[in-house]
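Enquirer: Sending over run19.pdb (PDB, N, CA and C atoms).
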```
ATOM      1  N   MET A   1      84.688 -41.901 -23.650
ATOM      2  CA  MET A   1      85.272 -42.581 -24.780
ATOM      3  C   MET A   1      85.853 -43.944 -24.404
ATOM      4  N   SER A   2      85.835 -44.277 -23.124
ATOM      5  CA  SER A   2      86.374 -45.574 -22.733
ATOM      6  C   SER A   2      85.250 -46.607 -22.675
ATOM      7  N   LEU A   3      85.650 -47.843 -22.488
ATOM      8  CA  LEU A   3      84.684 -48.929 -22.434
ATOM      9  C   LEU A   3      84.031 -48.986 -21.063
ATOM     10  N   ASP A   4      82.782 -49.442 -21.012
ATOM     11  CA  ASP A   4      82.155 -49.622 -19.715
ATOM     12  C   ASP A   4      82.694 -50.903 -19.067
ATOM     13  N   LYS A   5      82.437 -51.061 -17.783
ATOM     14  CA  LYS A   5      83.028 -52.170 -17.031
ATOM     15  C   LYS A   5      82.599 -53.530 -17.547
ATOM     16  N   GLU A   6      81.351 -53.651 -17.947
ATOM     17  CA  GLU A   6      80.860 -54.946 -18.431
ATOM     18  C   GLU A   6      81.564 -55.349 -19.730
ATOM     19  N   ALA A   7      81.699 -54.402 -20.642
ATOM     20  CA  ALA A   7      82.346 -54.700 -21.922
ATOM     21  C   ALA A   7      83.816 -55.048 -21.705
ATOM     22  N   LYS A   8      84.463 -54.305 -20.827
ATOM     23  CA  LYS A   8      85.873 -54.550 -20.561
ATOM     24  C   LYS A   8      86.077 -55.928 -19.922
ATOM     25  N   SER A   9      85.255 -56.271 -18.944
ATOM     26  CA  SER A   9      85.400 -57.577 -18.300
ATOM     27  C   SER A   9      85.067 -58.709 -19.262
ATOM     28  N   ARG A  10      84.110 -58.488 -20.177
ATOM     29  CA  ARG A  10      83.783 -59.495 -21.180
ATOM     30  C   ARG A  10      84.963 -59.746 -22.109
ATOM     31  N   ILE A  11      85.637 -58.680 -22.523
ATOM     32  CA  ILE A  11      86.794 -58.817 -23.415
ATOM     33  C   ILE A  11      87.932 -59.521 -22.692
ATOM     34  N   ILE A  12      88.193 -59.135 -21.443
ATOM     35  CA  ILE A  12      89.258 -59.774 -20.669
ATOM     36  C   ILE A  12      88.958 -61.252 -20.501
ATOM     37  N   GLU A  13      87.707 -61.589 -20.203
ATOM     38  CA  GLU A  13      87.306 -62.989 -20.020
ATOM     39  C   GLU A  13      87.553 -63.799 -21.290
ATOM     40  N   GLU A  14      87.293 -63.195 -22.435
ATOM     41  CA  GLU A  14      87.415 -63.919 -23.703
ATOM     42  C   GLU A  14      88.865 -64.129 -24.132
ATOM     43  N   TYR A  15      89.737 -63.160 -23.874
ATOM     44  CA  TYR A  15      91.089 -63.214 -24.428
ATOM     45  C   TYR A  15      92.177 -63.558 -23.413
ATOM     46  N   ARG A  16      91.825 -63.751 -22.150
ATOM     47  CA  ARG A  16      92.859 -64.021 -21.155
ATOM     48  C   ARG A  16      93.465 -65.408 -21.346
ATOM     49  N   LEU A  17      94.696 -65.553 -20.876
ATOM     50  CA  LEU A  17      95.414 -66.806 -21.033
ATOM     51  C   LEU A  17      95.230 -67.723 -19.833
ATOM     52  N   HIS A  18      95.042 -67.160 -18.641
ATOM     53  CA  HIS A  18      94.812 -67.941 -17.425
ATOM     54  C   HIS A  18      93.906 -67.144 -16.494
ATOM     55  N   GLY A  19      93.601 -67.683 -15.334
ATOM     56  CA  GLY A  19      92.610 -67.115 -14.432
ATOM     57  C   GLY A  19      92.786 -65.664 -14.057
ATOM     58  N   GLY A  20      93.976 -65.255 -13.646
ATOM     59  CA  GLY A  20      94.180 -63.893 -13.181
ATOM     60  C   GLY A  20      94.757 -62.962 -14.223
ATOM     61  N   ASP A  21      94.718 -63.368 -15.456
ATOM     62  CA  ASP A  21      95.352 -62.602 -16.534
ATOM     63  C   ASP A  21      94.506 -61.396 -16.918
ATOM     64  N   THR A  22      95.068 -60.204 -16.732
ATOM     65  CA  THR A  22      94.383 -58.991 -17.197
ATOM     66  C   THR A  22      95.299 -58.117 -18.035
ATOM     67  N   GLY A  23      96.584 -58.466 -18.125
ATOM     68  CA  GLY A  23      97.505 -57.584 -18.811
ATOM     69  C   GLY A  23      98.384 -58.230 -19.850
ATOM     70  N   SER A  24      98.042 -59.432 -20.289
ATOM     71  CA  SER A  24      98.854 -60.058 -21.324
ATOM     72  C   SER A  24      98.718 -59.275 -22.626
ATOM     73  N   VAL A  25      99.612 -59.520 -23.534
ATOM     74  CA  VAL A  25      99.619 -58.798 -24.813
ATOM     75  C   VAL A  25      98.303 -59.026 -25.554
ATOM     76  N   GLU A  26      97.792 -60.248 -25.514
ATOM     77  CA  GLU A  26      96.551 -60.559 -26.216
ATOM     78  C   GLU A  26      95.385 -59.739 -25.666
ATOM     79  N   VAL A  27      95.309 -59.641 -24.336
ATOM     80  CA  VAL A  27      94.227 -58.871 -23.704
ATOM     81  C   VAL A  27      94.380 -57.389 -24.031
ATOM     82  N   GLN A  28      95.604 -56.882 -23.967
ATOM     83  CA  GLN A  28      95.837 -55.468 -24.263
ATOM     84  C   GLN A  28      95.427 -55.133 -25.694
ATOM     85  N   ILE A  29      95.773 -56.006 -26.637
ATOM     86  CA  ILE A  29      95.423 -55.772 -28.037
ATOM     87  C   ILE A  29      93.910 -55.807 -28.224
ATOM     88  N   ALA A  30      93.244 -56.751 -27.571
ATOM     89  CA  ALA A  30      91.787 -56.852 -27.695
ATOM     90  C   ALA A  30      91.100 -55.614 -27.112
ATOM     91  N   LEU A  31      91.577 -55.130 -25.964
ATOM     92  CA  LEU A  31      90.995 -53.931 -25.362
ATOM     93  C   LEU A  31      91.233 -52.700 -26.231
ATOM     94  N   LEU A  32      92.443 -52.574 -26.760
ATOM     95  CA  LEU A  32      92.736 -51.444 -27.640
ATOM     96  C   LEU A  32      91.872 -51.487 -28.901
ATOM     97  N   THR A  33      91.663 -52.674 -29.442
ATOM     98  CA  THR A  33      90.839 -52.809 -30.638
ATOM     99  C   THR A  33      89.410 -52.364 -30.360
ATOM    100  N   ALA A  34      88.880 -52.736 -29.208
ATOM    101  CA  ALA A  34      87.519 -52.317 -28.855
ATOM    102  C   ALA A  34      87.449 -50.801 -28.693
ATOM    103  N   ARG A  35      88.442 -50.204 -28.034
ATOM    104  CA  ARG A  35      88.459 -48.748 -27.861
ATOM    105  C   ARG A  35      88.608 -48.039 -29.194
ATOM    106  N   ILE A  36      89.434 -48.590 -30.081
ATOM    107  CA  ILE A  36      89.644 -47.992 -31.407
ATOM    108  C   ILE A  36      88.340 -48.019 -32.203
ATOM    109  N   ARG A  37      87.631 -49.135 -32.147
ATOM    110  CA  ARG A  37      86.358 -49.234 -32.877
ATOM    111  C   ARG A  37      85.330 -48.257 -32.319
ATOM    112  N   HIS A  38      85.293 -48.127 -30.999
ATOM    113  CA  HIS A  38      84.361 -47.193 -30.367
ATOM    114  C   HIS A  38      84.678 -45.751 -30.773
ATOM    115  N   LEU A  39      85.950 -45.403 -30.737
ATOM    116  CA  LEU A  39      86.366 -44.044 -31.082
ATOM    117  C   LEU A  39      86.176 -43.756 -32.565
ATOM    118  N   THR A  40      86.331 -44.755 -33.400
ATOM    119  CA  THR A  40      86.103 -44.586 -34.834
ATOM    120  C   THR A  40      84.647 -44.226 -35.103
ATOM    121  N   GLU A  41      83.738 -44.888 -34.396
ATOM    122  CA  GLU A  41      82.317 -44.551 -34.539
ATOM    123  C   GLU A  41      82.047 -43.128 -34.073
ATOM    124  N   HIS A  42      82.680 -42.712 -32.991
ATOM    125  CA  HIS A  42      82.520 -41.342 -32.497
ATOM    126  C   HIS A  42      82.989 -40.337 -33.549
ATOM    127  N   LEU A  43      84.123 -40.622 -34.174
ATOM    128  CA  LEU A  43      84.673 -39.679 -35.147
ATOM    129  C   LEU A  43      83.863 -39.627 -36.440
ATOM    130  N   LYS A  44      83.087 -40.665 -36.728
ATOM    131  CA  LYS A  44      82.201 -40.598 -37.886
ATOM    132  C   LYS A  44      81.096 -39.560 -37.665
ATOM    133  N   LYS A  45      80.660 -39.439 -36.394
ATOM    134  CA  LYS A  45      79.618 -38.470 -36.064
ATOM    135  C   LYS A  45      80.196 -37.079 -35.843
ATOM    136  N   HIS A  46      81.447 -37.006 -35.386
ATOM    137  CA  HIS A  46      82.083 -35.731 -35.048
ATOM    138  C   HIS A  46      83.418 -35.608 -35.795
ATOM    139  N   PRO A  47      83.395 -35.318 -37.073
ATOM    140  CA  PRO A  47      84.622 -35.326 -37.874
ATOM    141  C   PRO A  47      85.632 -34.239 -37.512
ATOM    142  N   LYS A  48      85.221 -33.201 -36.810
ATOM    143  CA  LYS A  48      86.162 -32.128 -36.476
ATOM    144  C   LYS A  48      86.742 -32.261 -35.073
ATOM    145  N   ASP A  49      86.544 -33.391 -34.435
ATOM    146  CA  ASP A  49      87.077 -33.625 -33.091
ATOM    147  C   ASP A  49      88.527 -34.085 -33.217
ATOM    148  N   PHE A  50      89.422 -33.128 -33.361
ATOM    149  CA  PHE A  50      90.816 -33.449 -33.632
ATOM    150  C   PHE A  50      91.552 -33.972 -32.408
ATOM    151  N   HIS A  51      91.120 -33.610 -31.214
ATOM    152  CA  HIS A  51      91.760 -34.123 -30.009
ATOM    153  C   HIS A  51      91.519 -35.630 -29.867
ATOM    154  N   SER A  52      90.311 -36.049 -30.149
ATOM    155  CA  SER A  52      90.003 -37.472 -30.104
ATOM    156  C   SER A  52      90.713 -38.217 -31.232
ATOM    157  N   ARG A  53      90.838 -37.557 -32.376
ATOM    158  CA  ARG A  53      91.543 -38.189 -33.498
ATOM    159  C   ARG A  53      93.002 -38.443 -33.144
ATOM    160  N   ARG A  54      93.621 -37.510 -32.433
ATOM    161  CA  ARG A  54      95.013 -37.691 -32.020
ATOM    162  C   ARG A  54      95.119 -38.869 -31.053
ATOM    163  N   GLY A  55      94.177 -38.966 -30.121
ATOM    164  CA  GLY A  55      94.164 -40.100 -29.200
ATOM    165  C   GLY A  55      93.990 -41.416 -29.932
ATOM    166  N   LEU A  56      93.146 -41.410 -30.959
ATOM    167  CA  LEU A  56      92.939 -42.598 -31.769
ATOM    168  C   LEU A  56      94.231 -43.006 -32.461
ATOM    169  N   MET A  57      94.941 -42.041 -33.021
ATOM    170  CA  MET A  57      96.191 -42.356 -33.715
ATOM    171  C   MET A  57      97.230 -42.923 -32.749
ATOM    172  N   LYS A  58      97.261 -42.411 -31.524
ATOM    173  CA  LYS A  58      98.183 -42.941 -30.522
ATOM    174  C   LYS A  58      97.824 -44.378 -30.154
ATOM    175  N   MET A  59      96.534 -44.657 -30.028
ATOM    176  CA  MET A  59      96.094 -46.024 -29.713
ATOM    177  C   MET A  59      96.441 -46.988 -30.842
ATOM    178  N   ILE A  60      96.260 -46.537 -32.069
ATOM    179  CA  ILE A  60      96.586 -47.381 -33.224
ATOM    180  C   ILE A  60      98.078 -47.690 -33.244
ATOM    181  N   GLY A  61      98.902 -46.690 -32.953
ATOM    182  CA  GLY A  61     100.344 -46.910 -32.908
ATOM    183  C   GLY A  61     100.741 -47.863 -31.797
ATOM    184  N   HIS A  62     100.112 -47.737 -30.654
ATOM    185  CA  HIS A  62     100.415 -48.630 -29.533
ATOM    186  C   HIS A  62     100.011 -50.061 -29.869
ATOM    187  N   ARG A  63      98.819 -50.218 -30.477
ATOM    188  CA  ARG A  63      98.378 -51.560 -30.871
ATOM    189  C   ARG A  63      99.305 -52.157 -31.910
ATOM    190  N   ARG A  64      99.788 -51.320 -32.840
ATOM    191  CA  ARG A  64     100.701 -51.798 -33.874
ATOM    192  C   ARG A  64     101.982 -52.341 -33.248
ATOM    193  N   LYS A  65     102.503 -51.632 -32.233
ATOM    194  CA  LYS A  65     103.718 -52.097 -31.551
ATOM    195  C   LYS A  65     103.477 -53.406 -30.821
ATOM    196  N   LEU A  66     102.330 -53.530 -30.162
ATOM    197  CA  LEU A  66     102.020 -54.771 -29.453
ATOM    198  C   LEU A  66     101.856 -55.933 -30.428
ATOM    199  N   LEU A  67     101.215 -55.679 -31.574
ATOM    200  CA  LEU A  67     101.061 -56.727 -32.584
ATOM    201  C   LEU A  67     102.408 -57.150 -33.150
ATOM    202  N   LYS A  68     103.303 -56.196 -33.354
ATOM    203  CA  LYS A  68     104.643 -56.507 -33.866
ATOM    204  C   LYS A  68     105.396 -57.390 -32.869
ATOM    205  N   TYR A  69     105.275 -57.061 -31.583
ATOM    206  CA  TYR A  69     105.923 -57.865 -30.545
ATOM    207  C   TYR A  69     105.340 -59.281 -30.525
ATOM    208  N   LEU A  70     104.017 -59.387 -30.578
ATOM    209  CA  LEU A  70     103.369 -60.697 -30.534
ATOM    210  C   LEU A  70     103.747 -61.531 -31.748
ATOM    211  N   LYS A  71     103.837 -60.895 -32.907
ATOM    212  CA  LYS A  71     104.212 -61.616 -34.126
ATOM    213  C   LYS A  71     105.627 -62.166 -34.027
ATOM    214  N   LYS A  72     106.510 -61.403 -33.391
ATOM    215  CA  LYS A  72     107.902 -61.834 -33.247
ATOM    216  C   LYS A  72     108.034 -62.951 -32.203
ATOM    217  N   GLU A  73     107.351 -62.813 -31.072
ATOM    218  CA  GLU A  73     107.518 -63.747 -29.962
ATOM    219  C   GLU A  73     106.643 -64.996 -30.076
ATOM    220  N   LYS A  74     105.388 -64.833 -30.491
ATOM    221  CA  LYS A  74     104.438 -65.946 -30.546
ATOM    222  C   LYS A  74     103.652 -65.881 -31.848
ATOM    223  N   PRO A  75     104.232 -66.345 -32.948
ATOM    224  CA  PRO A  75     103.563 -66.204 -34.253
ATOM    225  C   PRO A  75     102.212 -66.922 -34.339
ATOM    226  N   GLN A  76     102.083 -68.066 -33.672
ATOM    227  CA  GLN A  76     100.819 -68.803 -33.745
ATOM    228  C   GLN A  76      99.695 -68.035 -33.038
ATOM    229  N   GLN A  77      99.972 -67.490 -31.845
ATOM    230  CA  GLN A  77      98.962 -66.706 -31.136
ATOM    231  C   GLN A  77      98.616 -65.438 -31.909
ATOM    232  N   TYR A  78      99.613 -64.869 -32.591
ATOM    233  CA  TYR A  78      99.394 -63.681 -33.419
ATOM    234  C   TYR A  78      98.364 -63.978 -34.509
ATOM    235  N   LYS A  79      98.553 -65.089 -35.218
ATOM    236  CA  LYS A  79      97.636 -65.448 -36.297
ATOM    237  C   LYS A  79      96.226 -65.698 -35.775
ATOM    238  N   GLU A  80      96.136 -66.382 -34.635
ATOM    239  CA  GLU A  80      94.828 -66.658 -34.053
ATOM    240  C   GLU A  80      94.138 -65.362 -33.620
ATOM    241  N   LEU A  81      94.913 -64.462 -33.015
ATOM    242  CA  LEU A  81      94.332 -63.223 -32.500
ATOM    243  C   LEU A  81      93.836 -62.309 -33.616
ATOM    244  N   ILE A  82      94.627 -62.152 -34.673
ATOM    245  CA  ILE A  82      94.171 -61.249 -35.741
ATOM    246  C   ILE A  82      92.952 -61.820 -36.466
ATOM    247  N   SER A  83      92.864 -63.135 -36.579
ATOM    248  CA  SER A  83      91.666 -63.694 -37.211
ATOM    249  C   SER A  83      90.463 -63.561 -36.289
ATOM    250  N   LYS A  84      90.676 -63.711 -34.977
ATOM    251  CA  LYS A  84      89.582 -63.596 -34.017
ATOM    252  C   LYS A  84      89.062 -62.164 -33.924
ATOM    253  N   LEU A  85      89.975 -61.188 -34.012
ATOM    254  CA  LEU A  85      89.595 -59.783 -33.921
ATOM    255  C   LEU A  85      89.145 -59.203 -35.269
ATOM    256  N   GLY A  86      89.437 -59.896 -36.343
ATOM    257  CA  GLY A  86      89.053 -59.392 -37.658
ATOM    258  C   GLY A  86      89.981 -58.301 -38.168
ATOM    259  N   LEU A  87      91.244 -58.384 -37.812
ATOM    260  CA  LEU A  87      92.225 -57.393 -38.274
ATOM    261  C   LEU A  87      92.936 -57.888 -39.522
ATOM    262  N   ARG A  88      93.661 -57.000 -40.200
ATOM    263  CA  ARG A  88      94.475 -57.322 -41.381
ATOM    264  C   ARG A  88      93.670 -57.959 -42.485
ATOM    265  N   GLY A  89      92.653 -57.257 -42.896
ATOM    266  CA  GLY A  89      91.980 -57.973 -43.875
ATOM    267  C   GLY A  89      91.223 -57.478 -44.952
TER     268      GLY A  89
END
```
Represent the structure of the file as structure tokens.
Expert:
Amino acid sequence: MSLDKEAKSRIIEEYRLHGGDTGSVEVQIALLTARIRHLTEHLKKHPKDFHSRRGLMKMIGHRRKLLKYLKKEKPQQYKELISKLGLRG
């Protein structure tokens, strides 16, 4: 249910703020969004997989907290990130 290495490195490359950045809020949100989308597709095929659904809900909650923090600390980056990821819409 996790991302493969190529997809993960591609996402990190796209959303990082500087050369060695792998854990900034923007990167974390982008990685969580990719995992959430992947898991959502899985649950469309397997609607009774409640363990995966619980994991999905936890990821959504974690992403929500990170987005709330980003909106409070860096509103401009927040707006750019949600439009780039296609969230809130």
Enquirer: One decimal, Å: what's the distance from atom N of Glu26 (chain A) over to CA of Leu43 (chain A), could you say?
Expert: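 Result for atom N of Glu26 (chain A) versus CA of Leu43 (chain A): 26.2 Å, one decimal.
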Enquirer: Which polymer residues have any atom within 7 Å of an atom of Ile11 (chain A), counting only N, CA and C atoms, with same-chain residues fewer than 3 positions away left out, as a list in words?
Expert: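 Final neighbour list, sorted by chain and number: Glu6, Ala7, Lys8, Glu14, Tyr15, Arg16, Val27, Ala30 and Leu31 of chain A.
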Enquirer: I need the residues from that last selection saved to file as a compact mmCIF listing (two decimals), in the coordinates of the input (with N, CA and C atoms), if you can.
Expert:
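Now in again.txt:
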```
# COMPACT_ATOMS: atom_id res chain seq x y z
N GLU A 6 81.35 -53.65 -17.95
CA GLU A 6 80.86 -54.95 -18.43
C GLU A 6 81.56 -55.35 -19.73
N ALA A 7 81.70 -54.40 -20.64
CA ALA A 7 82.35 -54.70 -21.92
C ALA A 7 83.82 -55.05 -21.70
N LYS A 8 84.46 -54.30 -20.83
CA LYS A 8 85.87 -54.55 -20.56
C LYS A 8 86.08 -55.93 -19.92
N GLU A 14 87.29 -63.20 -22.44
CA GLU A 14 87.42 -63.92 -23.70
C GLU A 14 88.86 -64.13 -24.13
N TYR A 15 89.74 -63.16 -23.87
CA TYR A 15 91.09 -63.21 -24.43
C TYR A 15 92.18 -63.56 -23.41
N ARG A 16 91.82 -63.75 -22.15
CA ARG A 16 92.86 -64.02 -21.16
C ARG A 16 93.46 -65.41 -21.35
N VAL A 27 95.31 -59.64 -24.34
CA VAL A 27 94.23 -58.87 -23.70
C VAL A 27 94.38 -57.39 -24.03
N ALA A 30 93.24 -56.75 -27.57
CA ALA A 30 91.79 -56.85 -27.70
C ALA A 30 91.10 -55.61 -27.11
N LEU A 31 91.58 -55.13 -25.96
CA LEU A 31 91.00 -53.93 -25.36
C LEU A 31 91.23 -52.70 -26.23
```
Enquirer: Written as a short mmCIF file (atom, residue, chain, number, x, y, z; two decimals) with N, CA and C atoms, keeping the file's coordinate frame, which residues does the PyMOL selection byres (((chain A and resi 53 and name CA) around 12) and name CA) give for the file shown?
Expert:
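Now in part_30.cif:
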```
data_model
loop_
_atom_site.label_atom_id
_atom_site.label_comp_id
_atom_site.auth_asym_id
_atom_site.auth_seq_id
_atom_site.Cartn_x
_atom_site.Cartn_y
_atom_site.Cartn_z
N MET A 1 84.69 -41.90 -23.65
CA MET A 1 85.27 -42.58 -24.78
C MET A 1 85.85 -43.94 -24.40
N ILE A 36 89.43 -48.59 -30.08
CA ILE A 36 89.64 -47.99 -31.41
C ILE A 36 88.34 -48.02 -32.20
N HIS A 38 85.29 -48.13 -31.00
CA HIS A 38 84.36 -47.19 -30.37
C HIS A 38 84.68 -45.75 -30.77
N LEU A 39 85.95 -45.40 -30.74
CA LEU A 39 86.37 -44.04 -31.08
C LEU A 39 86.18 -43.76 -32.56
N THR A 40 86.33 -44.76 -33.40
CA THR A 40 86.10 -44.59 -34.83
C THR A 40 84.65 -44.23 -35.10
N GLU A 41 83.74 -44.89 -34.40
CA GLU A 41 82.32 -44.55 -34.54
C GLU A 41 82.05 -43.13 -34.07
N HIS A 42 82.68 -42.71 -32.99
CA HIS A 42 82.52 -41.34 -32.50
C HIS A 42 82.99 -40.34 -33.55
N LEU A 43 84.12 -40.62 -34.17
CA LEU A 43 84.67 -39.68 -35.15
C LEU A 43 83.86 -39.63 -36.44
N LYS A 44 83.09 -40.66 -36.73
CA LYS A 44 82.20 -40.60 -37.89
C LYS A 44 81.10 -39.56 -37.66
N HIS A 46 81.45 -37.01 -35.39
CA HIS A 46 82.08 -35.73 -35.05
C HIS A 46 83.42 -35.61 -35.80
N PRO A 47 83.40 -35.32 -37.07
CA PRO A 47 84.62 -35.33 -37.87
C PRO A 47 85.63 -34.24 -37.51
N LYS A 48 85.22 -33.20 -36.81
CA LYS A 48 86.16 -32.13 -36.48
C LYS A 48 86.74 -32.26 -35.07
N ASP A 49 86.54 -33.39 -34.44
CA ASP A 49 87.08 -33.62 -33.09
C ASP A 49 88.53 -34.08 -33.22
N PHE A 50 89.42 -33.13 -33.36
CA PHE A 50 90.82 -33.45 -33.63
C PHE A 50 91.55 -33.97 -32.41
N HIS A 51 91.12 -33.61 -31.21
CA HIS A 51 91.76 -34.12 -30.01
C HIS A 51 91.52 -35.63 -29.87
N SER A 52 90.31 -36.05 -30.15
CA SER A 52 90.00 -37.47 -30.10
C SER A 52 90.71 -38.22 -31.23
N ARG A 54 93.62 -37.51 -32.43
CA ARG A 54 95.01 -37.69 -32.02
C ARG A 54 95.12 -38.87 -31.05
N GLY A 55 94.18 -38.97 -30.12
CA GLY A 55 94.16 -40.10 -29.20
C GLY A 55 93.99 -41.42 -29.93
N LEU A 56 93.15 -41.41 -30.96
CA LEU A 56 92.94 -42.60 -31.77
C LEU A 56 94.23 -43.01 -32.46
N MET A 57 94.94 -42.04 -33.02
CA MET A 57 96.19 -42.36 -33.72
C MET A 57 97.23 -42.92 -32.75
N LYS A 58 97.26 -42.41 -31.52
CA LYS A 58 98.18 -42.94 -30.52
C LYS A 58 97.82 -44.38 -30.15
N MET A 59 96.53 -44.66 -30.03
CA MET A 59 96.09 -46.02 -29.71
C MET A 59 96.44 -46.99 -30.84
N ILE A 60 96.26 -46.54 -32.07
CA ILE A 60 96.59 -47.38 -33.22
C ILE A 60 98.08 -47.69 -33.24
#
```
Enquirer: Rounded to one decimal in Å, what is the spacing between atom N of Leu67 (chain A) and CA of Arg35 (chain A)?
Expert: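 Atom N of Leu67 (chain A) sits 15.0 Å away from CA of Arg35 (chain A).
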Enquirer: Could you state the separation of CA of Val25 (chain A) and CA of Leu66 (chain A) in Å, given to one decimal place?
Expert: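 According to the coordinates, CA of Val25 (chain A) and CA of Leu66 (chain A) are separated by 6.6 Å.
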